[in-house]
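With TSV, C-alpha atoms (C1' of nucleotides) inside, this is run-v8.tsv:
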```tsv
chain	number	residue	atom	x	y	z
A	27	MET	CA	-12.89	23.78	10.51
A	28	ASN	CA	-12.10	20.73	8.38
A	29	ILE	CA	-12.70	20.55	4.67
A	30	SER	CA	-15.85	18.48	4.97
A	31	ASP	CA	-17.35	21.07	7.32
A	32	ALA	CA	-16.44	23.81	4.86
A	33	ALA	CA	-18.06	21.72	2.14
A	34	GLN	CA	-21.20	21.36	4.19
A	35	ALA	CA	-21.24	25.07	5.00
A	36	THR	CA	-20.87	26.16	1.38
A	37	GLY	CA	-22.54	23.42	-0.58
A	38	LEU	CA	-19.34	22.90	-2.55
A	39	PRO	CA	-17.80	19.43	-2.88
A	40	ALA	CA	-14.52	18.97	-1.03
A	41	LYS	CA	-12.87	18.20	-4.36
A	42	THR	CA	-13.90	21.57	-5.67
A	43	ILE	CA	-12.58	23.34	-2.60
A	44	ARG	CA	-9.19	21.64	-3.00
A	45	TYR	CA	-9.21	22.66	-6.63
A	46	TYR	CA	-9.94	26.27	-5.73
A	47	GLU	CA	-6.96	26.24	-3.42
A	48	GLU	CA	-4.78	24.65	-6.08
A	49	ILE	CA	-5.54	27.43	-8.54
A	50	GLY	CA	-5.06	30.06	-5.88
A	51	LEU	CA	-8.61	31.28	-5.29
A	52	ILE	CA	-8.43	30.55	-1.58
A	53	ARG	CA	-5.65	29.98	0.91
A	54	PRO	CA	-6.83	28.05	3.93
A	55	ASP	CA	-4.50	27.57	6.90
A	56	ARG	CA	-2.90	24.24	7.62
A	57	ARG	CA	-2.73	22.43	10.92
A	58	ALA	CA	0.31	20.62	12.23
A	59	ASN	CA	-1.00	17.36	10.80
A	60	GLY	CA	-1.36	18.80	7.30
A	61	TYR	CA	-5.14	19.14	7.39
A	62	ARG	CA	-6.64	22.29	5.95
A	63	ASP	CA	-8.18	24.57	8.54
A	64	PHE	CA	-10.90	26.90	7.22
A	65	ALA	CA	-11.38	30.17	9.04
A	66	GLU	CA	-14.65	32.02	8.67
A	67	THR	CA	-13.19	34.39	6.07
A	68	GLU	CA	-12.22	31.50	3.81
A	69	VAL	CA	-15.67	30.00	4.15
A	70	HIS	CA	-17.10	33.36	3.23
A	71	LYS	CA	-14.94	33.46	0.12
A	72	LEU	CA	-16.10	29.97	-0.78
A	73	ARG	CA	-19.71	31.03	-0.50
A	74	PHE	CA	-18.94	34.02	-2.69
A	75	LEU	CA	-17.36	31.72	-5.25
A	76	ALA	CA	-20.25	29.29	-5.12
A	77	ARG	CA	-22.71	32.09	-5.89
A	78	ALA	CA	-20.58	33.55	-8.65
A	79	ARG	CA	-20.23	30.13	-10.25
A	80	ALA	CA	-23.97	29.60	-9.93
A	81	LEU	CA	-24.43	32.76	-11.98
A	82	GLY	CA	-22.23	31.18	-14.62
A	83	PHE	CA	-19.11	33.27	-14.12
A	84	GLY	CA	-15.95	31.51	-15.24
A	85	ILE	CA	-13.10	30.88	-12.86
A	86	GLU	CA	-11.04	33.82	-14.05
A	87	ASP	CA	-14.01	36.13	-13.69
A	88	CYS	CA	-14.45	34.75	-10.18
A	89	ARG	CA	-10.84	35.54	-9.43
A	90	SER	CA	-11.32	39.11	-10.58
A	91	LEU	CA	-14.60	39.51	-8.72
A	92	LEU	CA	-13.07	38.13	-5.57
A	93	ALA	CA	-10.19	40.57	-5.84
A	94	LEU	CA	-12.61	43.45	-6.31
A	95	TRP	CA	-14.69	42.22	-3.41
A	96	GLU	CA	-11.66	42.35	-1.15
A	97	ASP	CA	-10.60	45.75	-2.41
A	98	ARG	CA	-12.42	48.43	-0.49
A	99	ASP	CA	-11.26	51.07	-2.96
A	100	ARG	CA	-12.69	49.33	-5.99
A	101	ALA	CA	-14.80	51.13	-8.55
A	102	SER	CA	-18.19	49.56	-9.07
A	103	ALA	CA	-17.66	50.19	-12.78
A	104	ASP	CA	-15.05	47.42	-12.82
A	105	VAL	CA	-17.48	44.96	-11.30
A	106	ARG	CA	-20.22	46.05	-13.63
A	107	GLN	CA	-18.02	45.64	-16.65
A	108	ILE	CA	-17.27	42.01	-15.82
A	109	ALA	CA	-20.91	41.30	-15.12
A	110	ASN	CA	-21.99	43.02	-18.29
A	111	ALA	CA	-19.61	41.06	-20.48
A	112	HIS	CA	-20.79	37.85	-18.89
A	113	LEU	CA	-24.38	38.87	-19.40
A	114	ALA	CA	-23.73	39.41	-23.09
A	115	ALA	CA	-22.15	35.96	-23.36
A	116	ILE	CA	-25.15	34.39	-21.66
A	117	GLU	CA	-27.54	36.16	-23.96
A	118	GLU	CA	-25.62	34.91	-26.95
A	119	LYS	CA	-25.82	31.37	-25.65
A	120	ILE	CA	-29.54	31.74	-25.10
A	121	THR	CA	-29.95	32.98	-28.65
A	122	ASP	CA	-28.02	30.02	-30.05
A	123	LEU	CA	-29.87	27.50	-27.92
A	124	THR	CA	-33.21	29.02	-28.77
A	125	ALA	CA	-32.48	28.69	-32.47
A	126	MET	CA	-31.55	25.04	-31.94
A	127	ARG	CA	-34.66	24.47	-29.88
A	128	ASP	CA	-36.94	26.01	-32.51
A	129	THR	CA	-35.48	23.93	-35.31
A	130	LEU	CA	-35.46	20.75	-33.28
A	131	SER	CA	-38.88	21.17	-31.85
A	132	HIS	CA	-40.29	21.73	-35.32
A	133	LEU	CA	-38.55	18.62	-36.60
A	134	VAL	CA	-39.67	16.51	-33.67
A	135	GLN	CA	-43.23	17.62	-34.20
A	136	THR	CA	-43.23	16.72	-37.86
A	137	CYS	CA	-41.68	13.29	-37.26
A	138	ALA	CA	-44.23	10.53	-37.02
A	139	GLY	CA	-42.14	8.58	-34.53
A	140	ASP	CA	-43.46	5.19	-35.52
A	141	THR	CA	-42.00	2.05	-37.08
A	142	ARG	CA	-41.68	3.51	-40.57
A	143	PRO	CA	-38.24	4.65	-41.72
A	144	ASP	CA	-39.37	7.93	-43.23
A	145	CYS	CA	-38.11	10.69	-40.98
A	146	PRO	CA	-37.97	14.47	-41.49
A	147	ILE	CA	-35.28	14.78	-38.83
A	148	LEU	CA	-32.84	12.66	-40.79
A	149	LYS	CA	-33.99	14.32	-43.96
A	150	ASN	CA	-33.10	17.70	-42.53
A	151	LEU	CA	-29.70	16.54	-41.30
A	152	SER	CA	-29.03	14.95	-44.63
A	153	ALA	CA	-29.63	18.13	-46.59
A	154	ALA	CA	-30.65	21.33	-44.91
A	155	GLU	CA	-31.85	23.56	-47.66
B	19	MET	CA	-10.43	14.27	-52.65
B	20	ASN	CA	-7.85	15.46	-50.12
B	21	ILE	CA	-8.70	16.43	-46.58
B	22	SER	CA	-8.53	20.16	-47.24
B	23	ASP	CA	-11.04	19.78	-50.07
B	24	ALA	CA	-13.31	17.82	-47.78
B	25	ALA	CA	-12.89	20.56	-45.20
B	26	GLN	CA	-13.81	23.17	-47.75
B	27	ALA	CA	-16.80	21.15	-48.92
B	28	THR	CA	-18.20	20.63	-45.43
B	29	GLY	CA	-17.10	23.70	-43.54
B	30	LEU	CA	-15.39	21.50	-40.96
B	31	PRO	CA	-11.74	22.07	-40.03
B	32	ALA	CA	-9.35	19.38	-41.20
B	33	LYS	CA	-8.45	18.73	-37.58
B	34	THR	CA	-12.05	17.94	-36.79
B	35	ILE	CA	-12.31	15.58	-39.73
B	36	ARG	CA	-9.24	13.68	-38.56
B	37	TYR	CA	-10.75	13.53	-35.11
B	38	TYR	CA	-14.01	12.12	-36.49
B	39	GLU	CA	-12.05	9.40	-38.21
B	40	GLU	CA	-10.08	8.68	-35.05
B	41	ILE	CA	-13.25	8.08	-33.05
B	42	GLY	CA	-14.73	6.00	-35.85
B	43	LEU	CA	-17.45	8.28	-37.20
B	44	ILE	CA	-16.08	8.14	-40.72
B	45	ARG	CA	-13.72	5.87	-42.59
B	46	PRO	CA	-12.14	7.60	-45.56
B	47	ASP	CA	-10.00	5.60	-47.98
B	48	ARG	CA	-6.23	5.94	-48.05
B	49	ARG	CA	-4.00	6.46	-51.03
B	50	ALA	CA	-0.68	4.77	-51.55
B	51	ASN	CA	1.12	7.76	-50.06
B	52	GLY	CA	-0.94	7.62	-46.88
B	53	TYR	CA	-3.14	10.60	-47.70
B	54	ARG	CA	-6.83	10.30	-46.89
B	55	ASP	CA	-9.06	10.13	-49.93
B	56	PHE	CA	-12.63	11.30	-49.39
B	57	ALA	CA	-15.31	9.77	-51.58
B	58	GLU	CA	-18.60	11.56	-52.01
B	59	THR	CA	-20.32	9.32	-49.45
B	60	GLU	CA	-17.82	10.28	-46.77
B	61	VAL	CA	-18.25	13.94	-47.58
B	62	HIS	CA	-21.98	13.45	-47.27
B	63	LYS	CA	-21.52	11.89	-43.86
B	64	LEU	CA	-19.37	14.80	-42.84
B	65	ARG	CA	-22.04	17.24	-43.87
B	66	PHE	CA	-24.56	15.23	-41.90
B	67	LEU	CA	-22.30	15.39	-38.87
B	68	ALA	CA	-21.73	19.10	-39.26
B	69	ARG	CA	-25.47	19.74	-39.24
B	70	ALA	CA	-26.13	17.45	-36.32
B	71	ARG	CA	-23.37	19.14	-34.32
B	72	ALA	CA	-24.77	22.53	-35.26
B	73	LEU	CA	-28.05	21.44	-33.68
B	74	GLY	CA	-26.09	20.69	-30.53
B	75	PHE	CA	-26.15	16.90	-30.67
B	76	GLY	CA	-23.28	15.28	-28.81
B	77	ILE	CA	-20.83	13.02	-30.55
B	78	GLU	CA	-22.45	9.83	-29.32
B	79	ASP	CA	-25.84	11.05	-30.46
B	80	CYS	CA	-24.27	11.82	-33.82
B	81	ARG	CA	-22.94	8.30	-33.99
B	82	SER	CA	-26.40	6.90	-33.33
B	83	LEU	CA	-28.07	9.25	-35.78
B	84	LEU	CA	-25.54	8.40	-38.45
B	85	ALA	CA	-26.17	4.70	-37.91
B	86	LEU	CA	-29.90	5.24	-38.19
B	87	TRP	CA	-29.40	7.35	-41.26
B	88	GLU	CA	-27.54	4.52	-42.94
B	89	ASP	CA	-30.09	1.95	-41.87
B	90	ARG	CA	-32.91	1.86	-44.37
B	91	ASP	CA	-35.00	-0.30	-42.04
B	92	ARG	CA	-34.83	2.15	-39.14
B	93	ALA	CA	-37.90	3.21	-37.21
B	94	SER	CA	-38.40	6.94	-37.16
B	95	ALA	CA	-39.35	6.52	-33.49
B	96	ASP	CA	-35.69	5.81	-32.69
B	97	VAL	CA	-34.60	9.03	-34.36
B	98	ARG	CA	-37.34	10.98	-32.70
B	99	GLN	CA	-36.44	9.65	-29.30
B	100	ILE	CA	-32.86	10.87	-29.59
B	101	ALA	CA	-33.99	14.25	-30.86
B	102	ASN	CA	-36.58	14.55	-28.14
B	103	ALA	CA	-34.12	13.80	-25.36
B	104	HIS	CA	-31.74	16.35	-26.78
B	105	LEU	CA	-34.52	18.87	-27.06
B	106	ALA	CA	-35.33	18.41	-23.39
B	107	ALA	CA	-31.68	18.95	-22.47
B	108	ILE	CA	-31.59	22.13	-24.52
B	109	GLU	CA	-34.72	23.43	-22.89
B	110	GLU	CA	-33.25	22.80	-19.48
B	111	LYS	CA	-30.15	24.74	-20.41
B	112	ILE	CA	-32.26	27.59	-21.70
B	113	THR	CA	-34.17	27.63	-18.42
B	114	ASP	CA	-30.97	27.75	-16.40
B	115	LEU	CA	-29.41	30.44	-18.56
B	116	THR	CA	-32.55	32.51	-18.51
B	117	ALA	CA	-32.58	32.47	-14.72
B	118	MET	CA	-28.95	33.59	-14.71
B	119	ARG	CA	-29.68	36.29	-17.22
B	120	ASP	CA	-32.62	37.64	-15.24
B	121	THR	CA	-30.65	37.83	-12.02
B	122	LEU	CA	-27.58	39.29	-13.69
B	123	SER	CA	-29.43	41.81	-15.76
B	124	HIS	CA	-31.25	43.05	-12.69
B	125	LEU	CA	-27.97	43.39	-10.80
B	126	VAL	CA	-26.23	45.15	-13.66
B	127	GLN	CA	-29.09	47.59	-13.91
B	128	THR	CA	-28.99	48.46	-10.24
B	129	CYS	CA	-25.22	48.92	-10.20
B	130	ALA	CA	-24.16	52.52	-10.65
B	131	GLY	CA	-21.00	51.54	-12.51
B	132	ASP	CA	-19.01	54.57	-11.44
B	133	THR	CA	-15.90	55.17	-9.34
B	134	ARG	CA	-17.60	54.48	-6.01
B	135	PRO	CA	-17.01	51.12	-4.35
B	136	ASP	CA	-20.61	50.47	-3.42
B	137	CYS	CA	-21.89	47.69	-5.64
B	138	PRO	CA	-25.08	45.63	-5.50
B	139	ILE	CA	-23.48	42.93	-7.63
B	140	LEU	CA	-20.82	42.21	-5.04
B	141	LYS	CA	-23.38	42.63	-2.31
B	142	ASN	CA	-25.50	39.94	-3.89
B	143	LEU	CA	-22.57	37.56	-4.34
B	144	SER	CA	-21.48	38.21	-0.81
B	145	ALA	CA	-24.81	37.23	0.66
B	146	ALA	CA	-27.72	36.25	-1.50
B	147	GLU	CA	-30.69	36.44	0.76
C	29	DC	C1'	16.81	21.43	-57.16
C	30	DT	C1'	14.60	24.10	-54.18
C	31	DT	C1'	10.74	26.21	-52.22
C	32	DG	C1'	6.47	26.20	-50.23
C	33	DA	C1'	2.18	24.15	-49.57
C	34	DC	C1'	0.26	20.17	-48.54
C	35	DC	C1'	-0.20	15.83	-45.84
C	36	DT	C1'	0.87	12.56	-41.87
C	37	DT	C1'	1.23	11.20	-36.73
C	38	DC	C1'	1.74	12.29	-32.01
C	39	DC	C1'	1.46	14.97	-27.83
C	40	DA	C1'	-0.32	18.66	-24.97
C	41	DG	C1'	-3.90	21.69	-23.42
C	42	DC	C1'	-8.50	23.89	-22.75
C	43	DG	C1'	-12.57	24.39	-18.19
C	44	DA	C1'	-13.90	22.90	-14.06
C	45	DC	C1'	-13.91	19.59	-11.94
C	46	DG	C1'	-14.86	14.03	-10.57
C	47	DG	C1'	-13.22	9.23	-9.63
C	48	DG	C1'	-10.26	6.45	-7.50
C	49	DA	C1'	-5.75	4.79	-5.58
C	50	DA	C1'	-2.33	4.81	-1.91
C	51	DG	C1'	-1.26	6.17	2.38
C	52	DC	C1'	-1.37	9.01	6.84
C	53	DC	C1'	-4.41	10.70	10.86
C	54	DT	C1'	-8.18	10.61	14.16
C	55	DT	C1'	-11.93	8.83	16.69
C	56	DA	C1'	-14.83	5.23	18.58
C	57	DT	C1'	-15.27	0.81	20.33
C	58	DG	C1'	-14.00	-3.83	22.40
D	25	DC	C1'	-4.24	-0.92	24.08
D	26	DA	C1'	-5.49	-2.72	19.56
D	27	DT	C1'	-8.24	-2.37	15.83
D	28	DA	C1'	-11.60	-0.76	12.57
D	29	DA	C1'	-13.96	2.87	10.35
D	30	DG	C1'	-13.88	7.04	8.56
D	31	DG	C1'	-11.58	11.56	7.32
D	32	DC	C1'	-7.72	13.71	5.47
D	33	DT	C1'	-3.71	14.12	2.18
D	34	DT	C1'	-1.54	14.02	-2.61
D	35	DC	C1'	-1.36	12.31	-7.23
D	36	DC	C1'	-2.88	10.94	-11.62
D	37	DC	C1'	-6.29	9.90	-15.12
D	38	DG	C1'	-10.73	10.88	-17.51
D	39	DT	C1'	-14.34	13.94	-19.06
D	40	DC	C1'	-15.97	16.67	-24.11
D	41	DG	C1'	-14.84	18.11	-28.56
D	42	DC	C1'	-11.85	19.68	-30.36
D	43	DT	C1'	-7.33	23.03	-31.27
D	44	DG	C1'	-2.45	24.16	-31.55
D	45	DG	C1'	1.99	22.88	-32.47
D	46	DA	C1'	6.10	19.97	-33.46
D	47	DA	C1'	8.50	16.78	-36.45
D	48	DG	C1'	8.69	14.82	-40.62
D	49	DG	C1'	7.04	12.75	-45.35
D	50	DT	C1'	4.92	14.23	-50.16
D	51	DC	C1'	3.80	16.87	-54.07
D	52	DA	C1'	3.50	20.60	-57.67
D	53	DA	C1'	5.59	24.75	-59.56
D	54	DG	C1'	9.48	27.40	-61.15
```
What is this structure when it is put down as structure tokens?
Amino acid sequence: MNISDAAQATGLPAKTIRYYEEIGLIRPDRRANGYRDFAETEVHKLRFLARARALGFGIEDCRSLLALWEDRDRASADVRQIANAHLAAIEEKITDLTAMRDTLSHLVQTCAGDTRPDCPILKNLSAAE
Amino acid sequence: MNISDAAQATGLPAKTIRYYEEIGLIRPDRRANGYRDFAETEVHKLRFLARARALGFGIEDCRSLLALWEDRDRASADVRQIANAHLAAIEEKITDLTAMRDTLSHLVQTCAGDTRPDCPILKNLSAAE
DNA sequence: CTTGACCTTCCAGCGACGGGAAGCCTTATG
DNA sequence: CATAAGGCTTCCCGTCGCTGGAAGGTCAAG
């Protein structure tokens, strides 16, 4: 299986797949001509990675999760701990973004948005009380 | 006013202030010895930038907002348009993060988190249905 | 005069890729 | 069999907004 087929099968760009190999997340075989040759197990790993990334896990978390996935003697507590920490980080981001959204949406609503220069948005940026 | 005083006055790290000068957001004076000398107007700009960044505006947005701020003939519509676009981007991020959080929090709750290897989190990553 | 705290510039790195160049390999067509 | 198109390879630079650190000049206190 060539890289473009693996890309098609996983939804990941070929560039990303090469990058994952470079940083040691996957280890596809090589043919005599130097082309990567993706076995089904590597494709499966790529799909795993794609889903973990879609849930926002960072690369190092993905590396850990992948290792746990391949370890049949893992403790689910280890997986849960990673997921839990990530969940907390996401919730913090949501909190921050929500605060920004509330402030901004209030400012946008109070701004006339016409040709006059008077603007509560700039006023707020200029001197938040 | 030296850079560390400006940093103190604005809450921005000195490194960040130097960076803002490098990319042309501010233009502090220089003394004979090469030290930057921050007038009150530059400090004011820095405070403006700090607040805009805290609301999540990107550097280029900050540049535009700063230009509008200094333009007494601006139209508030221009300010509002930038803020509105940014608001939409934030809301999209919140939507994405919320979806991640919902999925993750469900998975974390259904994972026993003990010494057994069985784990719905890995199961989900392995094959989301 | 020395010490230590400033200040300066420059260079490298973060995360997770993406763009594009230069060059080899394969496949389809004339 | 030659050629063209497309796929594959590696390599290097750019993204965004800083942050850390090195090497060296400057200043104020004792």
Check your understanding: Using all atoms listed in the file, which chain A residues lie at most 7 Å away from chain B, written as a PyMOL selection string?
Key -> chain A and resi 74+77-78+81+95+98-103+106+109-110+113+116+120+123+126-127+130-131+134+137-145+148+151-152
Point to revise | 9 Å contacts from chain C to chain B using all atoms listed in the file, as a ChimeraX atom specification | key: /C:34-36
Export of prior selection with C-alpha atoms (C1' of nucleotides) as a compact mmCIF listing (two decimals), in the frame of the given file:
```txt
# COMPACT_ATOMS: atom_id res chain seq x y z
C1' DC C 34 0.26 20.17 -48.54
C1' DC C 35 -0.20 15.83 -45.84
C1' DT C 36 0.87 12.56 -41.87
```
Mind checking which residues fall within 12 Å of segment 42-56 of chain C, counting all atoms listed in the file, ignoring those fewer than 6 positions away in the same chain, and posting them as a PDB file with C-alpha atoms (C1' of nucleotides), keeping the file's coordinate frame?
```pdb
ATOM      1  CA  LEU A  38     -19.340  22.900  -2.550  1.00  0.00           C
ATOM      2  CA  PRO A  39     -17.800  19.430  -2.880  1.00  0.00           C
ATOM      3  CA  ALA A  40     -14.520  18.970  -1.030  1.00  0.00           C
ATOM      4  CA  LYS A  41     -12.870  18.200  -4.360  1.00  0.00           C
ATOM      5  CA  THR A  42     -13.900  21.570  -5.670  1.00  0.00           C
ATOM      6  CA  ILE A  43     -12.580  23.340  -2.600  1.00  0.00           C
ATOM      7  CA  ARG A  44      -9.190  21.640  -3.000  1.00  0.00           C
ATOM      8  CA  TYR A  45      -9.210  22.660  -6.630  1.00  0.00           C
ATOM      9  CA  TYR A  46      -9.940  26.270  -5.730  1.00  0.00           C
ATOM     10  CA  GLU A  48      -4.780  24.650  -6.080  1.00  0.00           C
ATOM     11  CA  ILE A  49      -5.540  27.430  -8.540  1.00  0.00           C
ATOM     12  CA  ARG A  57      -2.730  22.430  10.920  1.00  0.00           C
ATOM     13  CA  ALA A  58       0.310  20.620  12.230  1.00  0.00           C
ATOM     14  CA  ASN A  59      -1.000  17.360  10.800  1.00  0.00           C
ATOM     15  CA  GLY A  60      -1.360  18.800   7.300  1.00  0.00           C
ATOM     16  CA  TYR A  61      -5.140  19.140   7.390  1.00  0.00           C
ATOM     17  CA  ARG A  79     -20.230  30.130 -10.250  1.00  0.00           C
ATOM     18  CA  GLY A  82     -22.230  31.180 -14.620  1.00  0.00           C
ATOM     19  CA  PHE A  83     -19.110  33.270 -14.120  1.00  0.00           C
ATOM     20  CA  GLY A  84     -15.950  31.510 -15.240  1.00  0.00           C
ATOM     21  CA  ILE A  85     -13.100  30.880 -12.860  1.00  0.00           C
ATOM     22  CA  GLU A  86     -11.040  33.820 -14.050  1.00  0.00           C
TER      23      GLU A  86
ATOM     24  C1'  DT D  27      -8.240  -2.370  15.830  1.00  0.00           C
ATOM     25  C1'  DA D  28     -11.600  -0.760  12.570  1.00  0.00           C
ATOM     26  C1'  DA D  29     -13.960   2.870  10.350  1.00  0.00           C
ATOM     27  C1'  DG D  30     -13.880   7.040   8.560  1.00  0.00           C
ATOM     28  C1'  DG D  31     -11.580  11.560   7.320  1.00  0.00           C
ATOM     29  C1'  DC D  32      -7.720  13.710   5.470  1.00  0.00           C
ATOM     30  C1'  DT D  33      -3.710  14.120   2.180  1.00  0.00           C
ATOM     31  C1'  DT D  34      -1.540  14.020  -2.610  1.00  0.00           C
ATOM     32  C1'  DC D  35      -1.360  12.310  -7.230  1.00  0.00           C
ATOM     33  C1'  DC D  36      -2.880  10.940 -11.620  1.00  0.00           C
ATOM     34  C1'  DC D  37      -6.290   9.900 -15.120  1.00  0.00           C
ATOM     35  C1'  DG D  38     -10.730  10.880 -17.510  1.00  0.00           C
ATOM     36  C1'  DT D  39     -14.340  13.940 -19.060  1.00  0.00           C
ATOM     37  C1'  DC D  40     -15.970  16.670 -24.110  1.00  0.00           C
ATOM     38  C1'  DG D  41     -14.840  18.110 -28.560  1.00  0.00           C
ATOM     39  C1'  DC D  42     -11.850  19.680 -30.360  1.00  0.00           C
ATOM     40  C1'  DT D  43      -7.330  23.030 -31.270  1.00  0.00           C
ATOM     41  C1'  DG D  44      -2.450  24.160 -31.550  1.00  0.00           C
TER      42       DG D  44
END
```
Exercise for review: Take the point (-11.2, 34.1, 7.0) as written in the file and pick out every residue within 10 Å of it, counting only C-alpha atoms (C1' of nucleotides); give the list as a PyMOL selection string.
Suggested key: chain A and resi 52-55+64-71
Need the axis-aligned box for segment 25-28 of chain D with 8 Å each side, so what are the centre and edges in Å to one decimal, as lines of an AutoDock Vina configuration file?
```
center_x = -7.9
center_y = -1.7
center_z = 18.3
size_x = 23.4
size_y = 18.0
size_z = 27.5
```
Exercise for review: Record the distance separating atom C1' of DC51 of chain D and atom CA of Gly42 of chain B, expressed in Å with one decimal.
Suggested key: 28.2 Å
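The spacing separating atom CA of Asp55 of chain B from atom CA of Met19 of chain B amounts to 5.1 Å.
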Check your understanding: Interatomic distance between atom CA of Cys88 of chain A and atom CA of Ala33 of chain A?
Key ->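 Interatomic distance, atom CA of Cys88 of chain A to atom CA of Ala33 of chain A: 18.3 Å.
In this comparison, which uses only C-alpha atoms (C1' of nucleotides), the residue of A:Ser90, A:Gly37, A:Glu118, A:Arg56 approaching chain D most closely is A:Arg56.
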Residue rebuild result segment 99-120 of chain A, N, CA and C atoms as an mmCIF file, in the coordinates of the input:
```cif
data_model
loop_
_atom_site.group_PDB
_atom_site.id
_atom_site.type_symbol
_atom_site.label_atom_id
_atom_site.label_comp_id
_atom_site.auth_asym_id
_atom_site.auth_seq_id
_atom_site.Cartn_x
_atom_site.Cartn_y
_atom_site.Cartn_z
ATOM 1 N N ASP A 99 -11.353 49.866 -2.121
ATOM 2 C CA ASP A 99 -11.260 51.070 -2.960
ATOM 3 C C ASP A 99 -11.659 50.794 -4.408
ATOM 4 N N ARG A 100 -12.290 49.681 -4.620
ATOM 5 C CA ARG A 100 -12.690 49.330 -5.990
ATOM 6 C C ARG A 100 -13.662 50.372 -6.555
ATOM 7 N N ALA A 101 -13.757 50.341 -7.880
ATOM 8 C CA ALA A 101 -14.800 51.130 -8.550
ATOM 9 C C ALA A 101 -15.882 50.154 -8.990
ATOM 10 N N SER A 102 -17.112 50.480 -8.709
ATOM 11 C CA SER A 102 -18.190 49.560 -9.070
ATOM 12 C C SER A 102 -18.249 49.370 -10.584
ATOM 13 N N ALA A 103 -17.693 50.313 -11.319
ATOM 14 C CA ALA A 103 -17.660 50.190 -12.780
ATOM 15 C C ALA A 103 -16.890 48.937 -13.197
ATOM 16 N N ASP A 104 -15.833 48.606 -12.469
ATOM 17 C CA ASP A 104 -15.050 47.420 -12.820
ATOM 18 C C ASP A 104 -15.873 46.154 -12.627
ATOM 19 N N VAL A 105 -16.611 46.106 -11.552
ATOM 20 C CA VAL A 105 -17.480 44.960 -11.300
ATOM 21 C C VAL A 105 -18.541 44.869 -12.401
ATOM 22 N N ARG A 106 -19.142 46.020 -12.653
ATOM 23 C CA ARG A 106 -20.220 46.050 -13.630
ATOM 24 C C ARG A 106 -19.743 45.612 -15.014
ATOM 25 N N GLN A 107 -18.532 45.983 -15.321
ATOM 26 C CA GLN A 107 -18.020 45.640 -16.650
ATOM 27 C C GLN A 107 -17.898 44.121 -16.814
ATOM 28 N N ILE A 108 -17.388 43.474 -15.785
ATOM 29 C CA ILE A 108 -17.270 42.010 -15.820
ATOM 30 C C ILE A 108 -18.657 41.377 -15.948
ATOM 31 N N ALA A 109 -19.567 41.858 -15.115
ATOM 32 C CA ALA A 109 -20.910 41.300 -15.120
ATOM 33 C C ALA A 109 -21.594 41.533 -16.472
ATOM 34 N N ASN A 110 -21.362 42.684 -17.015
ATOM 35 C CA ASN A 110 -21.990 43.020 -18.290
ATOM 36 C C ASN A 110 -21.480 42.140 -19.432
ATOM 37 N N ALA A 111 -20.184 41.925 -19.451
ATOM 38 C CA ALA A 111 -19.610 41.060 -20.480
ATOM 39 C C ALA A 111 -20.162 39.639 -20.353
ATOM 40 N N HIS A 112 -20.255 39.189 -19.121
ATOM 41 C CA HIS A 112 -20.790 37.850 -18.890
ATOM 42 C C HIS A 112 -22.248 37.768 -19.315
ATOM 43 N N LEU A 113 -22.968 38.813 -19.006
ATOM 44 C CA LEU A 113 -24.380 38.870 -19.400
ATOM 45 C C LEU A 113 -24.528 38.770 -20.914
ATOM 46 N N ALA A 114 -23.673 39.463 -21.629
ATOM 47 C CA ALA A 114 -23.730 39.410 -23.090
ATOM 48 C C ALA A 114 -23.453 37.994 -23.583
ATOM 49 N N ALA A 115 -22.474 37.336 -22.955
ATOM 50 C CA ALA A 115 -22.150 35.960 -23.360
ATOM 51 C C ALA A 115 -23.332 35.044 -23.111
ATOM 52 N N ILE A 116 -23.984 35.223 -21.979
ATOM 53 C CA ILE A 116 -25.150 34.390 -21.660
ATOM 54 C C ILE A 116 -26.254 34.629 -22.680
ATOM 55 N N GLU A 117 -26.464 35.878 -23.008
ATOM 56 C CA GLU A 117 -27.540 36.160 -23.960
ATOM 57 C C GLU A 117 -27.243 35.553 -25.330
ATOM 58 N N GLU A 118 -25.977 35.537 -25.678
ATOM 59 C CA GLU A 118 -25.620 34.910 -26.950
ATOM 60 C C GLU A 118 -25.904 33.411 -26.908
ATOM 61 N N LYS A 119 -25.549 32.803 -25.789
ATOM 62 C CA LYS A 119 -25.820 31.370 -25.650
ATOM 63 C C LYS A 119 -27.313 31.099 -25.737
ATOM 64 N N ILE A 120 -28.084 31.933 -25.069
ATOM 65 C CA ILE A 120 -29.540 31.740 -25.100
ATOM 66 C C ILE A 120 -30.054 31.855 -26.529
#
```
